[in-house]
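Student: Below are the structure tokens for one structure; questions will follow.
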Amino acid sequence: MATDWLGSIVSINCGESLGVYQGRVSAVDQVSQTISLTRPFHNGVKCLVPEVTFRAGDITELKILEIPGPGDSRQCGDLQQTEVGIPGVGCQVGPSQNGTGKVIKKPMSSTAPQNIPRRTDMKNQDIIISPQQQCSKSYMDRHVETLTQSKGFRRRHNSWSSSSRHPNQATPKKSGLKNGQMKNKDDECFGDDIDEIPDTDFDFEGNLALFDKAAVFEEIETYERRSGTRSRGTPNEKPARYRHDENILESEPIVYRRIVVPQNANKEFCTDSGLVVPSVSYELHKKLLAVAEKHGLTLERRLEMTGVCASQMALSLLGGPNRLNPKNVHQRPTVALLCGPHVKGAQGISCGRHLSNHDVHVILFLPNFVKMLESITNELNLFSKTQGQQVSSVKDLPDTPVDLVINCLDCHENAFLRDQPWYKAVVDWANQNRAPVLSIDPPISEMEQGIDAKWSLALGLPLPLGERAGRVYLCDIGIPQKVFQEVGINYHSPFGCKFVIPLHST
């Protein structure tokens with residue numbers, strides 16, 4: 001009697017530890033109390049093994065999902081992956097002896113059109129089997145008796161009876177059918193064989209390991225160094241792309257070292273475009289300014305040019321057009337300008353005059369001296385015509401942090417000023433104010449500064465500045481090229497379209 005159940009589709013619940021298995025019955029051993037399922041599914045996932053065997057003691061519940069009719073085992077063939085676990089899925093059977101038996105559903109095939117019923121239709125869709133297959137309860141118990149001799153087997157009659165109806169009941173309609181065939185687009189979309197889907201997951205890590213990322217990037221960098229382009233992807237496949245401001249014609253190779261000084265530079269810088277800018281000693285820088293003044297670039301011109309460049313940089317640091325906007329009158333920036341009684345101080349006063357003309361609140365600190373330099377006197381006379389404020393005592397400086405501090409206290413030659421009480425007091429105030437500091441023409445690295453700067457502005461050519469100078473910028477003060485050649489410097493302007501450019505340490 002156990003052979004009558006071969007080919008049936010069953011669902012076996014083995015408890016929480018083993019889970020639920022579904023498959024077609026391939027063997028039933030009454031002696032060893034075992035049942036075998038072919039092409040099994042475990043918790044809805046297809047098993048990697050073709051057949052599994054269960055003992056009666058491990059089974060807590062057994063449901064019969066489909067009972068094959070006479071001669072159905074040959075016609076049904078192997079079970080499709082989607083058949084398992086779906087009640088009522090059968091195969092075409094011939095008419096029974098009384099001619100009333102038929103099955104509505106057919107096995108899934110990759111060639112035959114398939115109907116995908118709606119979700120609402122799936123609930124009401126059942127099968128109708130022949131009277132030979134629609135056995136009575138006593139007939140079912142008699143055939144399943146060989147499987148239920150042990151305590152471990154438990155069968156629910158309603159699981160089988162709910163999947164069948166009386167033959168007199170009407171067969172539900174199937175939506176989407178036209179003369180028994182689906183449209184071609186449905187067949188193309190749903191007609192593939194699910195068995196072709198691989199059982200194992202795709203190995204992403206193993207596939208990614210096949211890609212040698214370092215070798216590809218090295219090839220791209222090598223190509224960019226040779227051709228000078230910035231193409232992305234495979235260099236051999238994608239052509240070089242040019243911006244609207246780039247020349248597509250071939251030109252001479254770029255010479256990045258256009259400035260050569262007579263002495264070996266202690267420190268070198270480079271611009272954003274890669275041009276090398278060497279530093280010069282203070283003696284050579286002083287000689288360069290003296291030769292320029294002899295040819296007509298007077299001190300007044302240099303002060304004006306330095307003030308314009310320094311104020312332009314300070315305006316950018318204060319926020320530029322976003323901060324200095326007529327709609328933002330309530331955000332007027334405040335700048336504290338610290339100047340000493342020397343030419344460097346006169347440069348700072350010139351910068352403060354231009355800042356005040358651009359609606360910046362400038363507080364100028366300058367100590368009282370009996371005799372001032374003529375350049376300082378002239379700059380103070382112009383500064384007094386602005387809305388800027390001049391103070392000579394540290395007590396008059398703001399107690400709250402300002403937006404920017406411009407340091408012009410230090411001088412290359414007069415180092416004795418560092419010992420003055422006013423100098424120490426101003427240095428203490430600047431360090432306690434915690435505002436960013438811009439230093440204009442700071443001294444060389446051998447002379448330690450009292451105030452650490454975040455930015456430093458060099459004039460013409462940079463000096464070998466130390467780490468406390470912060471980020472170095474270079475401004476053009478209008479020295480002609482032949483003046484550089486006269487002092488032994490082979491010079492080509494690194495400024496391009498700007499008057500103030502940033503420098504980077506090499």
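In the structure tokens, chains take letters A, B, ... by order of appearance, with residues numbered from 1 within each chain and ligands from 1 in the order shown.
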What's around range 311-313 of chain A at 10 Å? Count only C-alpha atoms, leave out sequence neighbours fewer than 4 positions away in its own chain, and write the answer as a ChimeraX atom specification.

Tutor: /A:305-307,317-318,320,348,350-356,358,438,455,457,473,475,499-501

Student: Just how far from CA of Ile12 in chain A is CA of Gly57 in chain A, in Å to one decimal?

Tutor: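 About the pair CA of Gly57 in chain A and CA of Ile12 in chain A: they are 12.1 Å apart.
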
Student: Calculate how many Å separate CA of Leu503 in chain A from CA of Asp452 in chain A, rounding to one decimal.

Tutor: 18.1 Å

Student: What is the distance between CA of Val276 in chain A and CA of Ala458 in chain A, in Å to one decimal?

Tutor: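 Computed distance, CA of Val276 in chain A to CA of Ala458 in chain A, equals 15.3 Å.
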
Student: Compare A:Cys14, A:Leu474, A:Ala209, A:Val391 by their minimum atom-to-atom distance to Thr271 in chain A, counting only C-alpha atoms, and give me the closest one.

Tutor: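 The closest residue to Thr271 in chain A is A:Leu474.
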
Student: Would you please work out which residue, of A:Glu16, A:Glu300, A:Glu221, A:Asp29, is nearest to Glu61 in chain A when using only C-alpha atoms?

Tutor: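 Counting only C-alpha atoms, the residue closest to Glu61 in chain A is A:Glu16.
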
Student: Which of these, A:Trp5, A:Trp422, A:Phe269, A:Phe217, has the shortest distance to Pro494 in chain A once you count only C-alpha atoms?

Tutor: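 Once distances to Pro494 in chain A are computed over only C-alpha atoms, the minimum belongs to A:Phe269.
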
Student: Looking at only C-alpha atoms, which of A:Pro398, A:Leu404, A:Leu299, A:Pro442 is the one that sits closest to Arg471 in chain A?

Tutor: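 Among A:Pro398, A:Leu404, A:Leu299, A:Pro442, it is A:Pro442 that comes nearest to Arg471 in chain A.
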
Student: Rank nothing, just name the residue among A:Asp212, A:Glu224, A:Asp403, A:Glu467 nearest to Lys454 in chain A, using only C-alpha atoms.

Tutor: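 Closest to Lys454 in chain A, using only C-alpha atoms: A:Glu467.
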
Student: For a quick check of understanding, using only C-alpha atoms, which of A:His295, A:His361, A:Lys344, A:Arg301 has the smallest distance to Ile477 in chain A?

Tutor: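 That would be A:Arg301, the residue with the smallest distance to Ile477 in chain A.
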
Student: So which residues of range 236-302 of chain A fall under strand (DSSP E) by DSSP, listed as a list in words?

Tutor: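 Those residues are Glu268, Phe269, Cys270, Val276, Val277 and Pro278 of chain A.
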
Student: Could you turn the residues from that selection into a file that holds N, CA and C atoms, as a short mmCIF file (atom, residue, chain, number, x, y, z; two decimals), in the first residue's frame?

Tutor:
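What ended up in result38.cif:
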```
data_model
loop_
_atom_site.label_atom_id
_atom_site.label_comp_id
_atom_site.auth_asym_id
_atom_site.auth_seq_id
_atom_site.Cartn_x
_atom_site.Cartn_y
_atom_site.Cartn_z
N GLU A 268 62.26 76.43 -1.20
CA GLU A 268 61.55 76.63 -2.45
C GLU A 268 60.06 76.42 -2.24
N PHE A 269 59.29 77.17 -3.01
CA PHE A 269 57.84 77.06 -3.01
C PHE A 269 57.37 76.75 -4.42
N CYS A 270 56.11 76.42 -4.55
CA CYS A 270 55.51 76.21 -5.86
C CYS A 270 54.09 76.76 -5.86
N VAL A 276 57.85 76.75 -9.94
CA VAL A 276 58.73 76.79 -8.78
C VAL A 276 59.12 78.24 -8.52
N VAL A 277 58.97 78.65 -7.25
CA VAL A 277 59.34 80.00 -6.82
C VAL A 277 60.37 79.85 -5.71
N PRO A 278 61.63 80.14 -5.96
CA PRO A 278 62.65 80.01 -4.91
C PRO A 278 62.63 81.21 -3.97
#
```
